[in-house]
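Below is one structure; the comments refer to it alone.
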Amino acid sequence: MPDRRALSSARLLGVRARARAGLLVSAAATVAVAVATVCLVLAWLGRAVEVAGDPPPPGVSADDVARQVGAGAAALASAAPALVLMVAILAGTAVAQLARLVAAAREHETATIRARGFSRTQAWTTDAAEGVVVALAGTVLGVALAAGLAAVIGAAADGAVGAWPWALATGAALAVVFAVALRRGERTRTTTRAARATTAAVVVVVVLASALVVWQLPLARGTGLDPIVALAPAVVLMAGALIALAVFGAAAVAWAPPAAAVPGVQPGYPARQVARRIPIYAVAVLLVALTVAQAVFASAYSATWTAMVTDSAAVRAGTDLRVDMSPQSANPRTVAAAAGVEGVHAAAPALVDEIEIGDADAQLVAVPASEIPEVVTSAGGLIDKGALEAAAAVDGTVVVDPVPLGDGATALRVTAQATSEGSYAPTPVLAAVLIDAAGTPVRLPLDGEVLPNPDGSVTVVAEAPLPEGTAPWRLLAIGADRGRGFVSDVVQVTLDSVVAVGSGPLQIQADAEFHPGINDVVVWLADGGELAADGGPDGDAPPVATVVSRGLAEHLGIGEGDSFEFRYAGTGRRGAALVSSIVDVVPGASRPLALFAPMENLLVSQLQRGASFVTPNSVWAAGDATADDALSAALGDRPVDTAAPGVSADVVAALAPGWWIATAGAMALSLVAASAIVQTLAIARRRELGVLRALGIGAAAQGRMRAAELGGVFGAALVLGAVAGGLASWLIVPELVRAVTPGILPIAGGVSFAWPPLGVAVALLAAGLGVIVVAVAVSVSRAARAATVGEESR
């Protein structure tokens with residue numbers, strides 16, 4: 001007997017909900033997946049900030065670590081909303097479609113209760129209450145699900161639960177979306193023309209917004225919440241998905257007539273069904289395409305971020321392991337100590353100094369030419385090591401020809417004659433400039449005695465043992481200063497003999513003069529005789545060959561073969577350079593305006609213009625990044641820069657896994673929504689099964705046709721989504737990486753993809769869609785066996 005009791009609003013809500021329990025459960029599941037994804041993403045990002053800098057890098061103080069973590073956290077905060085926004089967009093789209101399906105399923109009962117006096121206020125109240133119940137159930141389930149899955153991604157359960165404010169906000173937003181979509185679906189439907197106009201307006205707005213963020217993203221910087229950074233991925237991916245949806249609709253309509261021309265039911269019937277039901281399939285296509293696009297974007301972001309950050313760190317370091325020694329110098333002993341560290345394959349000195357070229361501030365980097373192949377990193381191909389090596393021997397530039405001391409040398413002895421034009425006997429002091437096997441220069445003072453000669457001249461015999469370093473040694477220069485005294489007469493110094501003690505005499509002969517006002521002078525220099533031919537101090541010394549960065553070349557307006565002068569910042573020392581080649585980046589430089597010179601050439605150029613040289617201030621080593629602790633300990637607990645990203649980058653690195661977590665949630669949302677949509681569509685199309693059976697199409701054939709129909713829709717969505725994701729990645733991924741990651745060099749760029757995780761993600765999504773297709777095909781085949789043609793169909 002029917003229940004004749006009057007239905008209250010509460011009972012009506014309960015009865016209506018039980019009648020469409022399947023769709024409401026799908027909506028609640030969608031909310032749960034969205035909430036769980038948001039909680040897991042935030043828990044993962046929060047964990048990255050908590051563990052950053054633990055343990056701290058060797059030699060770095062706690063304050064510096066905290067500062068770097070703060071910079072990384074600020075950059076992370078600027079990009080994190082993009083992940084939450086993508087989840088919210090997918091979940092909102094799925095929930096809205098499920099609400100429309102609920103409204104469509106209730107079309108007759110809605111008309112009935114409206115005719116019986118159900119007011120608009122009551123309708124809004126019941127729809128809002130239903131949305132709140134669905135969202136609340138999904139939120140509670142989602143938080144619990146996030147707490148259970150937190151350990152799987154390596155985060156703490158309390159971190160996931162601690163994101164409950166975001167969970168409530170997500171649930172509240174989805175409740176509003178569900179209620180509004182449900183209410184709009186129950187109202188009198190707008191005309192097709194109005195619906196098309198609204199859809200076109202939405203597409204235009206999204207496309208224009210994506211153009212805006214693509215334009216503005218290169219100007220964004222991740223120092224806090226930046227709307228452009230937060231909106232860019234969501235807006236561009238949504239624009240790509242909408243364009244993919246438009247292409248799908250046009251292709252489906254265009255394919256239907258030629259497919260119908262083929263004899264037989266297939267492929268004409270499935271093609272026409274898709275063309276006729278594009279508004280129903282649209283959301284499923286949009287969700288699948290957007291999910292695939294997000295997976296492609298996550299793959300591109302992950303691989304591109306890794307490449308750009310690693311390459312930038314490698315270019316800035318210049319080598320695998322770098323220890324800056326300023327204000328001390330890198331002497332042969334420290335370089336040898338670095339080379340002896342376990343895990344270090346080679347070590348060399350380097351000079352990274354500030355210079356001035358006109359009104360431009362630039363950086364000068366120098367490394368021994370012989371050590372370039374060993375210690376200079378290629379930085380993923382960004383550094384042209386061949387160009388650096390070629391600068392060591394360029395016609396018309398400084399020539400370097402140091403004299404080997406021999407493997408058995410233990411000391412250096414120099415004998416010289418000194419004659420003064422004044423009345424006082426000179427007392428010159430000799431010194432030598434040596435280079436060890438690693439190319440490290442050192443000034444070696446020579447101790448000895450001054451012996452007077454009958455003609456008023458003096459003989460200086462000076463000797464010193466070779467310093468600590470890496471043998472064999474080479475002699476680069478011999479210099480002298482006036483020694484003690486206040487007399488500034490002209491003094492002539494002539495080398496009589498130079499002997500490598502333990503090896504033998506060296507074929508070196510030279511002389512030089514102390515002019516009034518000059519206290520030191522280079523007597524002999526291994527520059528191919530240039531100094532002996534008076535080509536040095538008078539300003540006619542040849543330039544040193546340099547490799548110039550493209551940024552500096554464009555700033556100065558110079559090209560290969562051009563010469564220019566520069567000044568060493570803060571010293572007044574000057575130099576001349578010739579551009580041997582132009583490269584994109586200079587290893588070890590932290591700014592785009594930079595140049596590189598072989599260290600021996602630079603030393604000779606300096607000694608041609610004065611009696612002193614700028615000592616190297618850095619130790620570069622090739623080896624494993626894990627040797628940083630031992631290298632720091634060997635060099636006085638100094639900080640070690642590596643070719644790997646720093647602490648700030650380690651914090652921002654959490655975004656790459658965060659995108660994959662969001663993508664996993666998007667896949668679950670798409671599968672839940674797609675399943676609900678196709679199941680509802682199957683129920684709505686039950687009447688056609690009997691008609692097809694009456695026309696002689698068997699149950700198995702109907703199942704195959706439905707499978708072909710859904711397979712074609714989902715397959716097209718997968719392909720179009722992948723294209724949209726690739727286009728979106730090409731447009732914004734490199735600029736997004738620069739915006740959210742401190743220290744990315746302008747030259748680092750290009751989009752690359754992490755293919756293995758992308759393949760796994762697409763395979764899982766395709767497998768899930770395949771299960772849905774098979775399930776619907778089996779259901780259609782089973783239903784077609786018992787389907788009959790109703791009277792209304794006749």
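Scheme for the structure tokens: letters A, B, ... for chains in order shown; per-chain residue numbers from 1; ligand numbers from 1 in order shown.
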
(Q) Report as a ChimeraX atom specification all protein, DNA and RNA residues lying within 10 Å of A:Trp215, evaluated on only C-alpha atoms, omitting residues in the same chain fewer than 3 positions from it. (A) /A:209-212,218-219,228,731-732

Stretch 672-683 of chain A surroundings by only C-alpha atoms, 6 Å radius, close-in-sequence under 2 positions cut, as a compact mmCIF listing (two decimals) with N, CA and C atoms, in the first residue's frame:
```txt
# COMPACT_ATOMS: atom_id res chain seq x y z
N ALA A 94 34.11 18.13 -12.25
CA ALA A 94 33.49 16.81 -12.06
C ALA A 94 32.23 16.90 -11.21
N ALA A 284 33.31 14.63 -19.87
CA ALA A 284 34.23 13.50 -19.77
C ALA A 284 35.49 13.75 -20.59
N LEU A 669 40.03 11.60 -9.83
CA LEU A 669 38.83 12.41 -10.07
C LEU A 669 38.25 12.14 -11.46
N SER A 670 39.11 12.07 -12.45
CA SER A 670 38.63 11.84 -13.81
C SER A 670 37.97 10.48 -13.96
N ARG A 685 20.18 5.47 -22.26
CA ARG A 685 20.09 4.93 -23.62
C ARG A 685 19.59 3.48 -23.65
N ARG A 686 18.93 3.04 -22.58
CA ARG A 686 18.45 1.65 -22.55
C ARG A 686 17.40 1.39 -23.63
```

Q) Which of these residues is nearest to A:Gly406, using only C-alpha atoms: A:Leu466, A:Ala244, A:Ala653, A:Ala627? A)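 Between A:Leu466, A:Ala244, A:Ala653, A:Ala627, the residue approaching A:Gly406 most closely is A:Leu466.
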
**Q.** Nearest residue to A:Leu525 from the set A:Asp353, A:Asp401, A:Glu735, A:Asp481 (distances using only C-alpha atoms)
**A.**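 Of the candidates, the smallest distance to A:Leu525 is held by A:Asp401.
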
Q) Between atom CA of A:Leu351 and atom CA of A:Asp436, what is the distance, to one decimal in Å? A)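 That distance, rounded to one decimal, is 15.9 Å.
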
Q) With only C-alpha atoms as the atoms that count, which of A:Gly131, A:Ala32, A:Leu76, A:Arg67 lies nearest to A:Ala144? A) A:Ala32

Q) What's the 10 Å shell around A:Leu475, counting only C-alpha atoms, without same-chain residues fewer than 3 positions away, as an MDAnalysis selection string? A) chainID A and resid 401:405 412 432:436 441 478 500 506 525:526

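Around A:Val778, within 12 Å and counting only C-alpha atoms, the residues found are Gln679, Ala682, Ala699, Ala700, Ala701, Gln702, Gly703, Arg704, Met705, Arg706, Ala707, Val771, Ile772, Val773, Val774, Ala775, Val776, Val780, Ser781, Arg782, Ala783, Ala784 and Arg785 of chain A, once anything fewer than 2 positions away on its own chain is removed.
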